[in-house]
file structure_37.cif (mmCIF, C-alpha atoms)
data_coords
#
loop_
_atom_site.group_PDB
_atom_site.id
_atom_site.type_symbol
_atom_site.label_atom_id
_atom_site.label_comp_id
_atom_site.auth_asym_id
_atom_site.auth_seq_id
_atom_site.Cartn_x
_atom_site.Cartn_y
_atom_site.Cartn_z
ATOM 1 C CA MET J 739 11.096 -15.553 0.220
ATOM 2 C CA THR J 740 7.639 -16.270 -1.149
ATOM 3 C CA PRO J 741 6.461 -14.267 -4.202
ATOM 4 C CA VAL J 742 3.010 -12.699 -3.905
ATOM 5 C CA ASP J 743 1.264 -11.371 -7.029
ATOM 6 C CA LEU J 744 -0.798 -8.220 -6.473
ATOM 7 C CA ASP J 745 -2.764 -5.672 -8.491
ATOM 8 C CA ARG J 746 -0.895 -2.509 -9.504
ATOM 9 C CA LYS J 747 -2.188 1.049 -9.965
ATOM 10 C CA PRO J 748 -3.351 2.120 -12.497
ATOM 11 C CA GLY J 749 -3.351 -1.376 -14.039
ATOM 12 C CA GLY J 750 -1.423 -4.603 -14.356
ATOM 13 C CA LYS J 751 0.335 -6.771 -11.791
ATOM 14 C CA LEU J 752 3.379 -6.566 -9.554
ATOM 15 C CA THR J 753 5.141 -9.179 -7.428
ATOM 16 C CA VAL J 754 6.440 -8.589 -3.907
ATOM 17 C CA ASP J 755 8.571 -11.054 -1.941
ATOM 18 C CA LEU J 756 7.412 -12.027 1.537
ATOM 19 C CA CYS J 757 9.497 -13.761 4.225
ATOM 20 C CA GLY J 758 7.453 -15.383 6.989
ATOM 21 C CA ASP J 759 10.506 -16.297 9.092
ATOM 22 C CA CYS J 760 11.868 -12.754 9.354
ATOM 23 C CA GLN J 761 8.387 -11.153 9.099
ATOM 24 C CA SER J 762 9.356 -8.780 6.288
ATOM 25 C CA ILE J 763 8.338 -7.775 2.769
ATOM 26 C CA TRP J 764 10.686 -6.822 -0.064
ATOM 27 C CA PHE J 765 9.335 -4.117 -2.389
ATOM 28 C CA ASP J 766 11.197 -3.232 -5.567
ATOM 29 C CA SER J 767 11.418 0.515 -6.235
ATOM 30 C CA PHE J 768 8.058 2.319 -5.868
ATOM 31 C CA GLU J 769 6.040 -0.933 -5.572
ATOM 32 C CA SER J 770 4.646 -0.054 -2.141
ATOM 33 C CA ALA J 771 3.100 3.150 -3.514
ATOM 34 C CA GLN J 772 1.666 1.279 -6.528
ATOM 35 C CA LEU J 773 -0.514 -1.139 -4.539
ATOM 36 C CA THR J 774 -4.240 -0.846 -5.198
ATOM 37 C CA PRO J 775 -6.509 -0.803 -2.117
ATOM 38 C CA GLY J 776 -7.484 -4.388 -2.910
ATOM 39 C CA ALA J 777 -3.818 -5.390 -3.215
ATOM 40 C CA THR J 778 -3.141 -3.903 0.217
ATOM 41 C CA LEU J 779 -5.955 -6.020 1.649
ATOM 42 C CA ASP J 780 -4.529 -9.104 -0.102
ATOM 43 C CA LEU J 781 -1.119 -8.333 1.381
ATOM 44 C CA PHE J 782 -2.658 -8.083 4.858
ATOM 45 C CA ARG J 783 -4.118 -11.561 4.328
ATOM 46 C CA ALA J 784 -0.703 -12.868 3.246
ATOM 47 C CA ILE J 785 0.902 -11.317 6.344
ATOM 48 C CA HIS J 786 -1.705 -12.955 8.574
ATOM 49 C CA ALA J 787 -1.100 -16.340 6.925
ATOM 50 C CA ALA J 788 2.692 -16.033 7.301
ATOM 51 C CA GLN J 789 2.879 -15.819 11.103
ATOM 52 C CA PRO J 790 5.535 -18.359 12.272
ATOM 53 C CA ALA J 791 5.443 -20.047 15.662
ATOM 54 C CA ALA J 792 8.761 -18.390 16.622
ATOM 55 C CA PRO J 793 9.485 -15.150 14.719
ATOM 56 C CA ARG J 794 13.158 -14.579 13.951
ATOM 57 C CA ALA J 795 14.745 -11.222 14.760
ATOM 58 C CA LEU J 796 16.263 -9.360 11.838
ATOM 59 C CA PRO J 797 20.082 -9.418 11.712
ATOM 60 C CA SER J 798 21.958 -6.196 12.396
ATOM 61 C CA GLN J 799 23.259 -6.123 8.808
ATOM 62 C CA LEU J 800 20.889 -6.737 5.915
ATOM 63 C CA PRO J 801 22.191 -7.083 2.336
ATOM 64 C CA CYS J 802 20.117 -5.946 -0.652
ATOM 65 C CA PRO J 803 18.797 -9.053 -2.450
ATOM 66 C CA ARG J 804 19.508 -7.353 -5.792
ATOM 67 C CA CYS J 805 23.061 -6.025 -5.343
ATOM 68 C CA ASP J 806 24.268 -7.278 -1.899
ATOM 69 C CA THR J 807 24.922 -3.706 -0.679
ATOM 70 C CA LEU J 808 24.016 -3.294 3.007
ATOM 71 C CA LEU J 809 20.565 -1.809 3.449
ATOM 72 C CA ALA J 810 20.213 1.517 5.280
ATOM 73 C CA LEU J 811 17.666 1.946 8.074
ATOM 74 C CA THR J 812 15.351 4.727 6.910
ATOM 75 C CA HIS J 813 12.656 6.643 8.793
ATOM 76 C CA ASP J 814 9.786 7.937 6.677
ATOM 77 C CA LEU J 815 6.494 9.798 7.034
ATOM 78 C CA GLN J 816 3.117 8.881 5.533
ATOM 79 C CA HIS J 817 0.789 11.818 6.206
ATOM 80 C CA ALA J 818 1.228 12.104 10.017
ATOM 81 C CA THR J 819 2.357 8.505 10.538
ATOM 82 C CA ARG J 820 6.030 7.713 11.100
ATOM 83 C CA PHE J 821 7.381 4.321 10.049
ATOM 84 C CA ALA J 822 10.708 2.737 9.120
ATOM 85 C CA TYR J 823 12.196 0.337 6.587
ATOM 86 C CA TYR J 824 15.574 -0.751 5.219
ATOM 87 C CA ARG J 825 16.351 0.672 1.778
ATOM 88 C CA CYS J 826 18.917 -0.110 -0.876
ATOM 89 C CA ARG J 827 21.329 2.809 -1.303
ATOM 90 C CA TYR J 828 21.225 2.259 -5.061
ATOM 91 C CA GLY J 829 17.444 2.393 -5.362
ATOM 92 C CA HIS J 830 16.705 -1.294 -5.919
ATOM 93 C CA GLY J 831 13.970 -1.363 -3.304
ATOM 94 C CA ARG J 832 13.270 -1.647 0.383
ATOM 95 C CA LEU J 833 12.752 -4.300 3.045
ATOM 96 C CA THR J 834 9.790 -3.462 5.279
ATOM 97 C CA PRO J 835 9.075 -5.439 8.478
ATOM 98 C CA PHE J 836 5.464 -6.573 8.735
ATOM 99 C CA PHE J 837 4.921 -4.365 11.762
ATOM 100 C CA GLN J 838 6.246 -1.273 9.991
ATOM 101 C CA PHE J 839 4.014 -1.987 6.993
ATOM 102 C CA LEU J 840 1.033 -2.190 9.352
ATOM 103 C CA ARG J 841 2.232 1.060 10.909
ATOM 104 C CA GLU J 842 2.484 2.703 7.476
ATOM 105 C CA LYS J 843 -1.104 1.661 6.754
ATOM 106 C CA ASN J 844 -2.376 2.946 10.146
ATOM 107 C CA PHE J 845 -3.107 -0.461 11.691
ATOM 108 C CA VAL J 846 -0.992 0.202 14.783
ATOM 109 C CA ARG J 847 -0.249 3.176 17.024
ATOM 110 C CA PRO J 848 2.218 4.155 19.768
ATOM 111 C CA LEU J 849 1.079 3.531 23.339
ATOM 112 C CA ASP J 850 0.114 6.630 25.281
ATOM 113 C CA PRO J 851 1.818 7.382 28.660
ATOM 114 C CA ALA J 852 -1.015 5.857 30.721
ATOM 115 C CA GLU J 853 -0.895 2.619 28.713
ATOM 116 C CA LEU J 854 2.892 2.464 29.106
ATOM 117 C CA GLU J 855 2.593 2.817 32.888
ATOM 118 C CA ARG J 856 0.062 -0.005 33.050
ATOM 119 C CA LEU J 857 2.378 -2.158 30.933
ATOM 120 C CA LYS J 858 5.360 -1.423 33.193
ATOM 121 C CA ALA J 859 3.356 -2.566 36.203
ATOM 122 C CA SER J 860 3.043 -6.087 34.778
ATOM 123 C CA VAL J 861 6.153 -6.651 32.613
ATOM 124 C CA ARG J 862 9.659 -5.222 32.378
ATOM 125 C CA THR J 863 10.917 -6.394 29.010
ATOM 126 C CA ILE J 864 8.966 -6.732 25.778
ATOM 127 C CA ARG J 865 10.045 -7.675 22.280
ATOM 128 C CA CYS J 866 10.155 -4.969 19.617
ATOM 129 C CA ALA J 867 7.342 -5.581 17.166
ATOM 130 C CA SER J 868 9.457 -4.143 14.345
ATOM 131 C CA CYS J 869 12.833 -5.920 14.606
ATOM 132 C CA GLY J 870 12.293 -8.482 17.397
ATOM 133 C CA ALA J 871 14.932 -7.073 19.767
ATOM 134 C CA PRO J 872 14.256 -6.925 23.546
ATOM 135 C CA VAL J 873 13.137 -3.550 24.930
ATOM 136 C CA ASP J 874 13.560 -2.718 28.619
ATOM 137 C CA ILE J 875 10.513 -0.537 29.140
ATOM 138 C CA GLU J 876 11.804 0.622 32.536
ATOM 139 C CA ARG J 877 14.655 2.374 30.738
ATOM 140 C CA SER J 878 13.250 3.286 27.328
ATOM 141 C CA THR J 879 10.039 3.493 25.323
ATOM 142 C CA VAL J 880 11.819 2.921 21.984
ATOM 143 C CA CYS J 881 13.865 0.016 20.641
ATOM 144 C CA ARG J 882 17.576 0.781 20.968
ATOM 145 C CA TYR J 883 18.302 -1.157 17.772
ATOM 146 C CA CYS J 884 15.785 0.174 15.249
ATOM 147 C CA GLN J 885 14.392 3.158 17.225
ATOM 148 C CA ALA J 886 10.795 1.989 16.786
ATOM 149 C CA PRO J 887 8.490 3.197 19.592
ATOM 150 C CA ILE J 888 6.490 0.699 21.640
ATOM 151 C CA MET J 889 3.280 0.197 19.713
ATOM 152 C CA ALA J 890 0.127 -1.886 19.850
ATOM 153 C CA LEU J 891 -2.399 -3.114 17.343
ATOM 154 C CA ASP J 892 -5.345 -0.737 17.522
ATOM 155 C CA PRO J 893 -8.696 -2.526 16.932
ATOM 156 C CA ASP J 894 -10.416 0.746 16.044
ATOM 157 C CA ALA J 895 -7.629 1.651 13.626
ATOM 158 C CA VAL J 896 -7.797 -1.810 12.049
ATOM 159 C CA GLU J 897 -11.553 -1.546 11.555
ATOM 160 C CA LYS J 898 -11.257 1.953 10.060
ATOM 161 C CA ALA J 899 -8.354 1.013 7.772
ATOM 162 C CA LEU J 900 -10.151 -2.088 6.489
ATOM 163 C CA HIS J 901 -13.332 -0.096 5.893
ATOM 164 C CA ASP J 902 -11.459 2.672 4.040
ATOM 165 C CA LEU J 903 -9.507 0.208 1.885
ATOM 166 C CA ASP J 904 -12.621 -1.777 1.021
ATOM 167 C CA ALA J 905 -14.497 1.401 0.082
ATOM 168 C CA ALA J 906 -11.564 2.628 -2.016
ATOM 169 C CA GLU J 907 -11.321 -0.702 -3.849
ATOM 170 C CA ARG J 908 -15.061 -0.725 -4.555
ATOM 171 C CA GLN J 909 -14.773 2.809 -5.916
ATOM 172 C CA ARG J 910 -11.759 1.808 -8.029
ATOM 173 C CA VAL J 911 -13.492 -1.103 -9.738
ATOM 174 C CA ALA J 912 -17.051 0.293 -9.873
ATOM 175 C CA PRO J 913 -18.328 2.633 -12.603
ATOM 176 C CA ASP J 914 -18.285 6.335 -11.789
ATOM 177 C CA PRO J 915 -21.809 7.599 -12.640
ATOM 178 C CA ASP J 916 -20.590 11.172 -13.127
ATOM 179 C CA LYS J 917 -17.863 10.118 -15.573
ATOM 180 C CA ILE J 918 -20.272 7.883 -17.478
ATOM 181 C CA GLY J 919 -22.853 10.683 -17.667
ATOM 182 C CA ASP J 920 -20.262 13.162 -18.938
ATOM 183 C CA SER J 921 -19.106 10.649 -21.546
ATOM 184 C CA ILE J 922 -22.665 10.036 -22.784
ATOM 185 C CA VAL J 923 -23.367 13.771 -23.052
ATOM 186 C CA ALA J 924 -20.095 14.350 -24.918
ATOM 187 C CA LEU J 925 -20.810 11.484 -27.314
ATOM 188 C CA ALA J 926 -24.347 12.714 -27.940
ATOM 189 C CA ARG J 927 -22.965 16.155 -28.759
ATOM 190 C CA LEU J 928 -20.406 14.603 -31.093
ATOM 191 C CA GLN J 929 -23.119 12.583 -32.826
ATOM 192 C CA ARG J 930 -25.209 15.715 -33.441
ATOM 193 C CA GLU J 931 -22.197 17.516 -34.851
ATOM 194 C CA MET J 932 -21.414 14.572 -37.129
ATOM 195 C CA ASP J 933 -25.040 14.396 -38.334
ATOM 196 C CA ASP J 934 -24.945 18.128 -39.150
ATOM 197 C CA ALA J 935 -21.682 17.666 -41.029
ATOM 198 C CA ARG J 936 -23.070 14.744 -43.026
ATOM 199 C CA ARG J 937 -26.137 16.755 -43.985
ATOM 200 C CA ARG J 938 -23.921 19.616 -45.127
ATOM 201 C CA ASP J 939 -21.362 17.551 -46.976
ATOM 202 C CA GLY J 940 -23.460 14.515 -47.887
ATOM 203 C CA ALA J 941 -20.695 12.163 -46.754
ATOM 204 C CA GLU J 942 -18.877 10.957 -43.692
ATOM 205 C CA ILE J 943 -15.844 13.070 -42.791
ATOM 206 C CA ASN J 944 -12.757 11.315 -44.199
ATOM 207 C CA GLY J 945 -14.730 8.062 -44.221
ATOM 208 C CA ILE J 946 -14.260 7.639 -40.441
ATOM 209 C CA ASP J 947 -17.251 7.020 -38.172
ATOM 210 C CA LEU J 948 -16.088 9.003 -35.144
ATOM 211 C CA VAL J 949 -19.313 8.311 -33.281
ATOM 212 C CA GLY J 950 -18.861 4.577 -33.667
ATOM 213 C CA ILE J 951 -15.282 4.882 -32.455
ATOM 214 C CA GLY J 952 -16.423 6.934 -29.475
ATOM 215 C CA LEU J 953 -19.168 4.448 -28.576
ATOM 216 C CA SER J 954 -16.700 1.568 -28.827
ATOM 217 C CA ALA J 955 -14.315 3.439 -26.547
ATOM 218 C CA LEU J 956 -17.091 4.028 -24.014
ATOM 219 C CA GLY J 957 -18.007 0.356 -24.099
ATOM 220 C CA ALA J 958 -14.384 -0.594 -23.483
ATOM 221 C CA PHE J 959 -14.229 1.930 -20.644
ATOM 222 C CA LEU J 960 -17.333 0.511 -18.952
ATOM 223 C CA LYS J 961 -16.074 -3.056 -19.347
ATOM 224 C CA TRP J 962 -12.669 -2.112 -17.840
ATOM 225 C CA ARG J 963 -14.269 -0.316 -14.915
#
call {"tool": "encode", "arguments": {"input": "structure_37.cif", "output": "structure tokens"}}
result
Amino acid sequence: MTPVDLDRKPGGKLTVDLCGDCQSIWFDSFESAQLTPGATLDLFRAIHAAQPAAPRALPSQLPCPRCDTLLALTHDLQHATRFAYYRCRYGHGRLTPFFQFLREKNFVRPLDPAELERLKASVRTIRCASCGAPVDIERSTVCRYCQAPIMALDPDAVEKALHDLDAAERQRVAPDPDKIGDSIVALARLQREMDDARRRDGAEINGIDLVGIGLSALGAFLKWR
């Protein structure tokens, strides 16, 4: 697997392992939920760059890369979106197929009945986008191996997801005018209170310049944002 370094919420870095041959990502515990919007976009780019000429279907039994225990197929829900992954029973992490990760992030959707009928008119068997197994669409609309429904990449969903992620990342790294304004008002109030105290006592309280500390903290906050 190829390590990919990504930004973590609320700060720092994390590393996920990506396998282009089996089209899957390994997340250690809670790493998927810790991705920043920008990290999710970076992971999409890594997925796009890791498309092999002949994708390899996942084996029926998948061992945990941390403890060798067989991973358990798990169905989950993100808001109203259902997706699946293979999790370690001992909490070491989860293996998520590329397609299921795209599903989790609302890049793909199930085909509606009319689209399925049009598909049946031209093909009989398709390959499951999640695990790579063949699906006889005359008999079933879900994969009999991983139970993933027949889905398609939705251009409108892709455009919306990319727009939302980009906006969220810009908001994450850009200054929040309301927070900055509140901080300035609070610091101004603190400075007035300190000036009043100095006039009363003729000295700085305990020798500590709280206003200077506050202004330094605000400067650090603005630089970090």
call {"tool": "atom_distance", "arguments": {"input": "structure_37.cif", "atom1": "atom CA of J:Pro835", "atom2": "atom CA of J:Ile763"}}
result
6.2 Å
call {"tool": "atom_distance", "arguments": {"input": "structure_37.cif", "atom1": "atom CA of J:Cys805", "atom2": "atom CA of J:Arg832"}}
result
12.2 Å
call {"tool": "resolve_selection", "arguments": {"input": "structure_37.cif", "expression": "the PyMOL selection byres ((chain J and resi 902) around 12)", "output": "list in words"}}
result
Pro775, Gly776, Thr778, Leu779, Lys843, Asn844, Phe845, Ala895, Val896, Glu897, Lys898, Ala899, Leu900, His901, Leu903, Asp904, Ala905, Ala906, Glu907, Arg908 and Gln909 of chain J
call {"tool": "residues_near_point", "arguments": {"input": "structure_37.cif", "point": "(19.1, 6.5, 6.1)", "cutoff": "12 Å", "atoms": "only C-alpha atoms", "output": "list in words"}}
result
Leu808, Leu809, Ala810, Leu811, Thr812, His813, Asp814, Ala822, Tyr823, Tyr824, Arg825, Cys826, Arg827, Arg832 and Cys884 of chain J
call {"tool": "closest_residue", "arguments": {"input": "structure_37.cif", "among": "J:Leu833, J:Leu849, J:Leu840, J:Leu796", "to": "J:Asp766", "atoms": "all atoms listed in the file"}}
result
J:Leu833
call {"tool": "closest_residue", "arguments": {"input": "structure_37.cif", "among": "J:Ala795, J:Thr879, J:Arg820, J:Gln885", "to": "J:Asp850", "atoms": "all atoms listed in the file"}}
result
J:Thr879
call {"tool": "residues_around", "arguments": {"input": "structure_37.cif", "residues": "J:Ala886", "least_positions_apart": "4", "cutoff": "8 Å", "atoms": "all atoms listed in the file", "output": "list in words"}}
result
Phe821, Ala822, Cys866, Ser868, Val880 and Cys881 of chain J
call {"tool": "atom_distance", "arguments": {"input": "structure_37.cif", "atom1": "atom CA of J:Leu773", "atom2": "atom CA of J:Arg746"}}
result
5.2 Å
call {"tool": "resolve_selection", "arguments": {"input": "structure_37.cif", "expression": "the PyMOL selection byres ((chain J and resi 742) around 10)", "output": "list in words"}}
result
Met739, Thr740, Pro741, Asp743, Leu744, Leu752, Thr753, Val754, Asp755, Leu756, Ile763, Asp780, Leu781 and Ala784 of chain J
call {"tool": "closest_residue", "arguments": {"input": "structure_37.cif", "among": "J:Pro803, J:Gly870, J:Gly750, J:Pro797", "to": "J:Phe837", "atoms": "only C-alpha atoms"}}
result
J:Gly870
call {"tool": "resolve_selection", "arguments": {"input": "structure_37.cif", "expression": "the PyMOL selection byres ((chain J and resi 767) around 9)", "output": "ChimeraX atom specification"}}
result
/J:765-766,768-770,829-832
call {"tool": "residues_around", "arguments": {"input": "structure_37.cif", "residues": "J:Leu854", "least_positions_apart": "6", "cutoff": "10 Å", "atoms": "only C-alpha atoms", "output": "JSON, numbers by chain"}}
result
{"J": [848, 875, 876, 879, 888, 889]}
call {"tool": "closest_residue", "arguments": {"input": "structure_37.cif", "among": "J:Pro748, J:His786, J:Arg877, J:Arg841", "to": "J:Thr774", "atoms": "only C-alpha atoms"}}
result
J:Pro748
call {"tool": "closest_residue", "arguments": {"input": "structure_37.cif", "among": "J:Gly749, J:Ser878, J:Phe839, J:Thr834", "to": "J:Thr863", "atoms": "only C-alpha atoms"}}
result
J:Ser878
call {"tool": "closest_residue", "arguments": {"input": "structure_37.cif", "among": "J:Ala771, J:Asp894, J:Cys802, J:Ser762", "to": "J:Gln816", "atoms": "only C-alpha atoms"}}
result
J:Ala771
